[in-house]
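Colleague: What follows is the file my_file.tsv, containing TSV, C-alpha atoms:
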```
chain	number	residue	atom	x	y	z
B	1	MET	CA	-21.42	-6.80	-40.43
B	2	GLU	CA	-17.69	-6.68	-39.77
B	3	GLU	CA	-17.08	-5.55	-43.36
B	4	VAL	CA	-19.66	-2.81	-42.92
B	5	VAL	CA	-17.91	-1.55	-39.78
B	6	GLU	CA	-14.51	-1.57	-41.47
B	7	GLY	CA	-15.88	0.25	-44.51
B	8	VAL	CA	-17.64	2.89	-42.41
B	9	THR	CA	-14.55	3.39	-40.27
B	10	GLU	CA	-12.40	3.93	-43.37
B	11	ARG	CA	-14.91	6.40	-44.81
B	12	LEU	CA	-15.14	8.23	-41.50
B	13	SER	CA	-11.35	8.51	-41.34
B	14	SER	CA	-11.26	9.86	-44.88
B	15	VAL	CA	-13.99	12.42	-44.13
B	16	PHE	CA	-12.28	13.46	-40.92
B	17	GLU	CA	-8.89	13.91	-42.61
B	18	ALA	CA	-10.50	15.82	-45.50
B	19	GLY	CA	-12.15	18.15	-43.03
B	20	ARG	CA	-8.84	18.76	-41.29
B	21	ALA	CA	-7.14	19.45	-44.65
B	22	SER	CA	-9.78	22.07	-45.46
B	23	GLY	CA	-9.00	23.89	-42.22
B	24	LEU	CA	-11.83	22.63	-40.04
B	25	GLY	CA	-11.15	21.83	-36.39
B	26	GLU	CA	-12.28	18.66	-34.61
B	27	ASP	CA	-15.21	20.47	-32.98
B	28	ASP	CA	-16.40	21.76	-36.38
B	29	ILE	CA	-16.23	18.29	-37.89
B	30	SER	CA	-17.99	16.83	-34.85
B	31	GLN	CA	-20.82	19.38	-35.08
B	32	THR	CA	-21.20	18.69	-38.81
B	33	ILE	CA	-21.53	14.95	-38.28
B	34	ASP	CA	-23.94	15.48	-35.39
B	35	SER	CA	-26.07	17.87	-37.48
B	36	PHE	CA	-26.09	15.44	-40.40
B	37	TYR	CA	-27.19	12.60	-38.16
B	38	LYS	CA	-30.00	14.67	-36.60
B	39	GLU	CA	-31.31	15.79	-40.04
B	40	LEU	CA	-31.11	12.25	-41.28
B	41	SER	CA	-33.05	11.06	-38.28
B	42	LYS	CA	-35.80	13.62	-38.90
B	43	LYS	CA	-36.26	13.25	-42.67
B	44	GLU	CA	-35.15	9.80	-43.74
B	45	LYS	CA	-34.78	7.50	-40.78
B	46	ALA	CA	-38.42	6.39	-40.80
B	47	THR	CA	-38.23	5.18	-44.41
B	48	MET	CA	-34.64	3.97	-44.47
B	49	PRO	CA	-33.89	0.26	-44.93
B	50	PHE	CA	-32.68	-1.46	-41.80
B	51	LEU	CA	-29.14	-1.96	-43.12
B	52	ARG	CA	-28.91	1.77	-43.96
B	53	ILE	CA	-29.95	2.69	-40.42
B	54	MET	CA	-27.34	0.30	-39.05
B	55	LYS	CA	-24.63	1.82	-41.24
B	56	VAL	CA	-25.40	5.34	-40.03
B	57	SER	CA	-25.53	4.17	-36.40
B	58	VAL	CA	-22.21	2.39	-36.76
B	59	LEU	CA	-20.78	5.52	-38.42
B	60	LYS	CA	-21.69	7.63	-35.39
B	61	ALA	CA	-20.45	4.98	-32.94
B	62	ALA	CA	-17.18	4.63	-34.84
B	63	TYR	CA	-16.72	8.39	-34.78
B	64	ILE	CA	-17.24	8.52	-31.00
B	65	LEU	CA	-14.86	5.63	-30.40
B	66	LEU	CA	-12.14	6.84	-32.73
B	67	TYR	CA	-12.12	10.56	-32.16
B	68	ARG	CA	-13.66	11.05	-28.73
B	69	LEU	CA	-12.51	8.10	-26.63
B	70	LEU	CA	-9.24	7.25	-28.39
B	71	PRO	CA	-7.34	10.33	-27.09
B	72	LEU	CA	-8.39	9.42	-23.54
B	73	VAL	CA	-7.29	5.81	-24.02
B	74	LEU	CA	-3.94	6.95	-25.41
B	75	LEU	CA	-3.48	9.36	-22.50
B	76	LEU	CA	-4.21	6.66	-19.90
B	77	SER	CA	-1.89	4.25	-21.70
B	78	SER	CA	0.88	6.84	-21.68
B	79	LEU	CA	0.39	7.57	-17.97
B	80	TYR	CA	0.47	3.86	-17.16
B	81	SER	CA	3.71	3.42	-19.12
B	82	GLN	CA	5.28	6.37	-17.32
B	83	LEU	CA	4.19	4.95	-13.95
B	84	GLN	CA	5.80	1.61	-14.81
B	85	LEU	CA	9.06	3.36	-15.67
B	86	LEU	CA	8.99	5.37	-12.42
B	87	ILE	CA	8.41	2.24	-10.32
B	88	GLN	CA	11.24	0.43	-12.12
B	89	LYS	CA	13.58	3.32	-11.29
B	90	ASP	CA	12.33	3.71	-7.71
B	91	PRO	CA	10.51	0.65	-6.26
B	92	CYS	CA	10.01	2.58	-3.01
B	93	LEU	CA	7.22	4.49	-4.75
B	94	LEU	CA	5.07	1.48	-3.93
B	95	ALA	CA	5.37	2.46	-0.29
B	96	GLN	CA	3.24	5.52	-0.99
B	97	PRO	CA	-0.34	4.87	0.18
B	98	MET	CA	-2.03	5.88	-3.09
B	99	LEU	CA	0.12	3.52	-5.16
B	100	HIS	CA	0.49	0.48	-2.96
B	101	ASP	CA	-3.25	0.44	-2.29
B	102	PHE	CA	-3.62	-0.14	-6.03
B	103	ALA	CA	-1.09	-2.93	-5.83
B	104	THR	CA	-2.71	-4.91	-3.03
B	105	LYS	CA	-3.90	-8.41	-3.68
B	106	ILE	CA	-7.58	-9.28	-3.94
B	107	ILE	CA	-8.52	-11.68	-1.14
B	108	ASP	CA	-11.22	-14.32	-0.89
B	109	CYS	CA	-13.80	-12.84	1.50
B	110	ASN	CA	-14.66	-16.32	2.75
B	111	SER	CA	-11.27	-16.32	4.48
B	112	CYS	CA	-12.21	-13.40	6.77
B	113	VAL	CA	-16.00	-13.70	7.06
B	114	ASN	CA	-15.91	-15.29	10.53
B	115	ILE	CA	-13.02	-13.24	11.94
B	116	THR	CA	-14.24	-10.74	14.54
B	117	ASN	CA	-11.19	-10.50	16.81
B	118	ALA	CA	-7.65	-11.74	17.26
B	119	VAL	CA	-7.04	-15.24	18.61
B	120	THR	CA	-5.27	-14.92	21.98
B	121	ILE	CA	-2.62	-17.54	22.72
B	122	ASN	CA	-0.57	-17.92	25.89
B	123	SER	CA	1.65	-20.80	24.77
B	124	ILE	CA	2.06	-22.82	21.56
B	125	SER	CA	4.66	-24.99	19.83
B	126	VAL	CA	6.40	-23.98	16.60
B	127	MET	CA	4.74	-26.84	14.74
B	128	ASP	CA	1.24	-25.97	15.95
B	129	PHE	CA	1.69	-22.30	15.15
B	130	MET	CA	3.10	-22.90	11.66
B	131	ASN	CA	0.44	-25.48	10.81
B	132	ASN	CA	-2.58	-23.62	12.17
B	133	HIS	CA	-1.83	-19.89	12.17
B	134	ALA	CA	1.10	-18.91	9.96
B	135	THR	CA	-0.79	-18.67	6.67
B	136	SER	CA	-4.21	-17.66	7.97
B	137	LEU	CA	-5.81	-14.23	7.75
B	138	GLN	CA	-6.72	-14.67	11.41
B	139	PRO	CA	-4.67	-12.20	13.51
B	140	VAL	CA	-2.98	-13.78	16.52
B	141	LEU	CA	-2.12	-12.10	19.83
B	142	MET	CA	0.71	-13.92	21.58
B	143	LYS	CA	0.49	-12.85	25.23
B	144	GLY	CA	3.80	-12.15	26.95
B	145	ALA	CA	5.85	-13.62	24.10
B	146	ALA	CA	8.48	-10.84	24.32
B	147	SER	CA	8.28	-10.17	28.05
B	148	ASN	CA	11.77	-11.56	28.76
B	149	TRP	CA	13.60	-9.77	25.95
B	150	PRO	CA	16.46	-7.46	27.05
B	151	ALA	CA	15.27	-4.88	24.50
B	152	MET	CA	12.37	-3.98	26.78
B	153	SER	CA	14.75	-2.13	29.10
B	154	ILE	CA	17.31	-1.08	26.47
B	155	PHE	CA	15.53	0.31	23.42
B	156	SER	CA	14.96	4.08	23.54
B	157	TYR	CA	15.56	7.14	21.39
B	158	GLU	CA	19.02	7.52	22.92
B	159	TYR	CA	19.83	3.89	22.14
B	160	PHE	CA	18.83	4.17	18.48
B	161	LYS	CA	20.68	7.46	18.03
B	162	GLY	CA	23.82	5.99	19.60
B	163	LEU	CA	23.56	2.86	17.47
B	164	TYR	CA	23.60	4.83	14.22
B	165	THR	CA	26.21	7.29	15.52
B	166	LYS	CA	28.62	4.37	15.94
B	167	ASN	CA	28.32	3.59	12.24
B	168	PRO	CA	27.42	6.54	9.98
B	169	GLU	CA	27.47	4.19	6.98
B	170	ALA	CA	24.41	2.50	8.45
B	171	VAL	CA	22.49	5.77	8.23
B	172	THR	CA	23.39	6.07	4.55
B	173	HIS	CA	22.43	2.44	3.93
B	174	ASP	CA	19.05	2.64	5.62
B	175	ARG	CA	18.32	6.03	4.06
B	176	GLU	CA	18.88	4.58	0.58
B	177	GLU	CA	17.70	1.00	1.03
B	178	GLY	CA	15.11	1.26	3.79
B	179	GLN	CA	11.86	3.11	4.28
B	180	PHE	CA	10.93	5.92	6.66
B	181	PHE	CA	7.35	6.59	7.77
B	182	PRO	CA	6.81	10.17	9.03
B	183	TYR	CA	3.03	9.83	9.49
B	184	SER	CA	1.94	13.25	10.86
B	185	SER	CA	5.11	13.90	12.87
B	186	GLY	CA	6.74	16.48	10.62
B	187	ILE	CA	9.93	14.36	10.78
B	188	PHE	CA	10.54	13.27	7.21
B	189	THR	CA	13.83	11.35	7.14
B	190	LEU	CA	15.92	9.04	9.30
B	191	ASP	CA	18.59	11.76	9.45
B	192	GLU	CA	16.08	14.24	10.87
B	193	PHE	CA	14.90	11.69	13.42
B	194	LEU	CA	18.44	11.01	14.63
B	195	SER	CA	19.09	14.77	14.94
B	196	LEU	CA	16.17	15.73	17.19
B	197	ASP	CA	16.90	18.17	19.98
B	198	ASN	CA	16.57	16.90	23.54
B	199	GLU	CA	13.19	18.52	24.14
B	200	THR	CA	11.60	16.99	21.02
B	201	ALA	CA	13.28	13.62	21.53
B	202	SER	CA	11.87	13.40	25.06
B	203	PHE	CA	8.35	14.39	23.87
B	204	LYS	CA	8.38	17.61	25.91
B	205	GLY	CA	7.62	19.60	22.78
B	206	LYS	CA	5.55	18.42	19.83
B	207	LYS	CA	4.40	14.81	20.12
B	208	TRP	CA	5.48	12.51	17.31
B	209	TYR	CA	5.10	8.97	16.00
B	210	ILE	CA	7.36	7.54	13.28
B	211	GLY	CA	8.63	4.26	11.88
B	212	TRP	CA	11.49	2.99	9.74
B	213	SER	CA	12.94	-0.20	8.33
B	214	THR	CA	16.54	-1.35	8.45
B	215	THR	CA	18.42	-3.95	6.42
B	216	ASP	CA	21.88	-2.80	7.46
B	217	ASN	CA	24.02	-5.70	8.69
B	218	PHE	CA	25.62	-3.78	11.56
B	219	VAL	CA	22.32	-2.38	12.84
B	220	GLY	CA	20.59	-5.74	12.39
B	221	GLU	CA	23.25	-7.61	14.36
B	222	GLU	CA	23.19	-5.05	17.18
B	223	LEU	CA	19.39	-5.03	17.44
B	224	ARG	CA	19.23	-8.81	17.56
B	225	LYS	CA	21.52	-8.90	20.57
B	226	HIS	CA	18.53	-7.58	22.50
B	227	VAL	CA	15.58	-9.21	20.73
B	228	LYS	CA	14.94	-12.85	19.99
B	229	VAL	CA	13.22	-14.85	17.31
B	230	PRO	CA	9.73	-15.37	18.81
B	231	TYR	CA	9.58	-18.79	20.42
B	232	PHE	CA	6.68	-19.88	18.20
B	233	LEU	CA	8.62	-19.30	14.93
B	234	PRO	CA	11.42	-21.32	13.30
B	235	PRO	CA	14.98	-19.85	13.28
B	236	VAL	CA	15.56	-16.88	10.97
B	237	PRO	CA	18.31	-17.09	8.30
B	238	SER	CA	21.37	-15.16	9.49
B	239	GLU	CA	21.38	-13.01	6.34
B	240	ASP	CA	17.83	-11.77	6.94
B	241	ASN	CA	18.39	-8.47	8.74
B	242	LEU	CA	15.13	-6.78	7.75
B	243	ALA	CA	13.49	-5.20	10.78
B	244	TRP	CA	10.77	-2.63	11.39
B	245	ILE	CA	10.79	-0.17	14.28
B	246	PHE	CA	7.86	2.06	15.27
B	247	MET	CA	8.10	4.59	18.06
B	248	GLY	CA	6.01	7.44	19.38
B	249	ALA	CA	4.09	9.24	22.09
B	250	PRO	CA	0.59	8.43	23.35
B	251	GLY	CA	-2.09	9.44	20.88
B	252	PRO	CA	-2.73	8.60	17.22
B	253	GLY	CA	-0.12	6.35	15.63
B	254	ALA	CA	-0.34	5.22	12.03
B	255	GLY	CA	-3.39	6.20	10.02
B	256	LEU	CA	-5.51	3.58	8.27
B	257	HIS	CA	-3.48	1.95	5.50
B	258	ILE	CA	-2.47	-1.39	4.03
B	259	ASP	CA	1.09	-2.64	3.53
B	260	PHE	CA	2.93	-3.89	0.50
B	261	VAL	CA	5.57	-6.14	2.06
B	262	GLY	CA	6.82	-9.54	1.09
B	263	ARG	CA	5.53	-11.73	3.90
B	264	VAL	CA	3.33	-12.01	6.98
B	265	SER	CA	4.81	-10.06	9.88
B	266	TRP	CA	4.98	-9.98	13.66
B	267	GLN	CA	5.39	-6.96	15.91
B	268	ALA	CA	6.57	-7.06	19.51
B	269	GLN	CA	5.31	-4.33	21.85
B	270	LEU	CA	8.47	-3.53	23.83
B	271	SER	CA	7.16	-0.41	25.56
B	272	GLY	CA	3.75	1.19	25.96
B	273	LYS	CA	0.34	-0.11	25.00
B	274	LYS	CA	-1.13	0.02	21.51
B	275	THR	CA	-4.56	-0.68	20.04
B	276	TRP	CA	-4.81	-1.80	16.42
B	277	THR	CA	-7.92	-1.17	14.36
B	278	LEU	CA	-8.20	-3.82	11.65
B	279	ALA	CA	-10.53	-3.41	8.67
B	280	PRO	CA	-11.11	-5.70	5.69
B	281	PRO	CA	-10.26	-4.53	2.16
B	282	PRO	CA	-13.03	-2.79	0.14
B	283	GLU	CA	-14.11	-5.95	-1.66
B	284	CYS	CA	-14.95	-7.55	1.70
B	285	GLU	CA	-16.25	-4.58	3.72
B	286	THR	CA	-19.87	-5.81	3.57
B	287	THR	CA	-18.88	-9.39	4.39
B	288	CYS	CA	-16.09	-9.17	6.97
B	289	SER	CA	-15.80	-7.24	10.24
B	290	THR	CA	-13.78	-4.29	11.49
B	291	PHE	CA	-12.44	-4.79	15.02
B	292	ASN	CA	-9.82	-3.67	17.54
B	293	VAL	CA	-6.91	-5.57	19.10
B	294	THR	CA	-5.09	-4.17	22.14
B	295	VAL	CA	-1.44	-5.17	22.51
B	296	ASP	CA	0.08	-4.80	25.99
B	297	THR	CA	3.77	-4.41	26.80
B	298	GLY	CA	5.50	-7.75	26.16
B	299	ASP	CA	2.86	-9.05	23.73
B	300	ILE	CA	3.46	-9.92	20.08
B	301	ILE	CA	0.82	-9.51	17.39
B	302	VAL	CA	1.01	-11.61	14.22
B	303	ILE	CA	-0.90	-10.23	11.26
B	304	ASP	CA	-0.99	-10.22	7.47
B	305	THR	CA	-0.71	-6.46	6.97
B	306	ASN	CA	-0.92	-7.00	3.19
B	307	SER	CA	-4.56	-8.08	3.60
B	308	TRP	CA	-5.88	-6.09	6.57
B	309	PHE	CA	-6.15	-2.32	6.53
B	310	HIS	CA	-4.85	-1.16	9.90
B	311	ALA	CA	-4.43	1.90	12.09
B	312	THR	CA	-2.88	2.25	15.55
B	313	PHE	CA	-3.46	4.27	18.70
B	314	ILE	CA	-1.02	4.61	21.61
B	315	HIS	CA	-2.60	4.51	25.06
B	316	PRO	CA	-1.73	7.14	27.71
B	317	GLY	CA	1.34	6.26	29.71
B	318	ASN	CA	4.70	5.13	28.38
B	319	VAL	CA	6.19	5.81	24.96
B	320	SER	CA	5.38	3.07	22.46
B	321	ILE	CA	8.31	1.14	20.96
B	322	THR	CA	7.59	-1.75	18.63
B	323	PHE	CA	10.06	-4.07	16.92
B	324	GLY	CA	8.88	-6.26	14.07
B	325	ALA	CA	9.98	-8.50	11.25
B	326	GLU	CA	8.58	-10.79	8.58
B	327	PHE	CA	8.56	-14.57	8.44
B	328	GLU	CA	7.96	-17.31	5.88
```
Let me see the file written as structure tokens.
Modeller:
Amino acid sequence: MEEVVEGVTERLSSVFEAGRASGLGEDDISQTIDSFYKELSKKEKATMPFLRIMKVSVLKAAYILLYRLLPLVLLLSSLYSQLQLLIQKDPCLLAQPMLHDFATKIIDCNSCVNITNAVTINSISVMDFMNNHATSLQPVLMKGAASNWPAMSIFSYEYFKGLYTKNPEAVTHDREEGQFFPYSSGIFTLDEFLSLDNETASFKGKKWYIGWSTTDNFVGEELRKHVKVPYFLPPVPSEDNLAWIFMGAPGPGAGLHIDFVGRVSWQAQLSGKKTWTLAPPPECETTCSTFNVTVDTGDIIVIDTNSWFHATFIHPGNVSITFGAEFE
């Protein structure tokens, strides 16, 4: 049968090329083959030997595969190759929701089937946390874990603006090496954020919610003078300056999305009150639950944002400021 397919494919290619050489277009050739097949079906198909019927059927199938689907396959292959090249040139493309949602890992739904809320913990040792919670999909709410951090009374828009003003090179570094999340704020870069007028910065005008990451050594060292490694985690290597900061007014925060970061992360609520909506990935939406977790000022939430889709809402009251990082 394989020889029959190869022979028919070769004949079809010859016929197709001959048609092109005579000036016929692909549609003309297609209509000719379709008409031939229909006539053959009417007049001869009933009396044709089985092998003859199979040859004609394979001929039509080969035509469809070669000259109808092949251009589409080639187009998709070309687009995929171009996407690979773009990502190699600019890995930050993976931060775009449409692309990093494609890149998310597939999880075992058995690991989230019984999760209907965050586990609330008031006190725990490093060993117990690392052994029982660090690698689980179960979100953990650590009550009051950041309540004694100096950052709670220091971090503000004015503080962040002053921090970067002291070292303009840090702005350049985080613009090029970090990520900025405008959400629906209309503020699209770190430079724009640091240049807000007083009215906008104090939320007297349009309300906004943004986030950014920093890996700059100067900024990282300054920030960590006011925040601590959470007591339930082991010490962080001194060279690991990656930090995430999210800040905004009461109202909608981040829309529903999933992250593409290297590790599990924690986020400390240094000001304001925020509710997270957590939803399982599509492959588990009929098996696992969607639920909310409310994080009060001074709490820390630990969550695998690579596995849970999440959105946030800032409660009325104070401005929300969140500081976060990843851990092994």
Colleague: Using all atoms listed in the file for the distances, tell me which of B:Ile210, B:Cys288, B:Leu223, B:Leu233 is nearest to B:Gly186.
Modeller: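 The closest residue to B:Gly186 is B:Ile210.
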Colleague: Looking at all atoms listed in the file, which of B:Lys166, B:Lys228, B:His173, B:Arg263 is the one that sits closest to B:Ala134?
Modeller: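 Closest to B:Ala134, using all atoms listed in the file: B:Arg263.
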Colleague: Choose the residue, out of B:Thr286, B:Ser184, B:Ser307, B:Gln267, that has the smallest atom-to-atom separation from B:Thr135; count all atoms listed in the file.
Modeller: B:Ser307
Colleague: Any idea what the distance is between atom CA of B:Thr290 and atom CA of B:Thr277?
Modeller: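 Rounded to one decimal, the two atoms are 7.2 Å apart.
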Colleague: Could you produce a table of the residues of stretch 115-170 of chain B lying within 10 Å of stretch 190-195 of chain B, with the nearest pair of atoms per residue and their separation in Å rounded to one decimal, using only C-alpha atoms, ordered by chain and increasing residue number, as CSV?
Modeller:
```
residue,atom,partner,partner_atom,distance
B:Tyr157,CA,B:Leu194,CA,8.3
B:Glu158,CA,B:Leu194,CA,9.0
B:Phe160,CA,B:Leu194,CA,7.9
B:Lys161,CA,B:Leu194,CA,5.4
B:Gly162,CA,B:Leu194,CA,8.9
B:Tyr164,CA,B:Leu194,CA,8.1
B:Thr165,CA,B:Leu194,CA,8.7
```
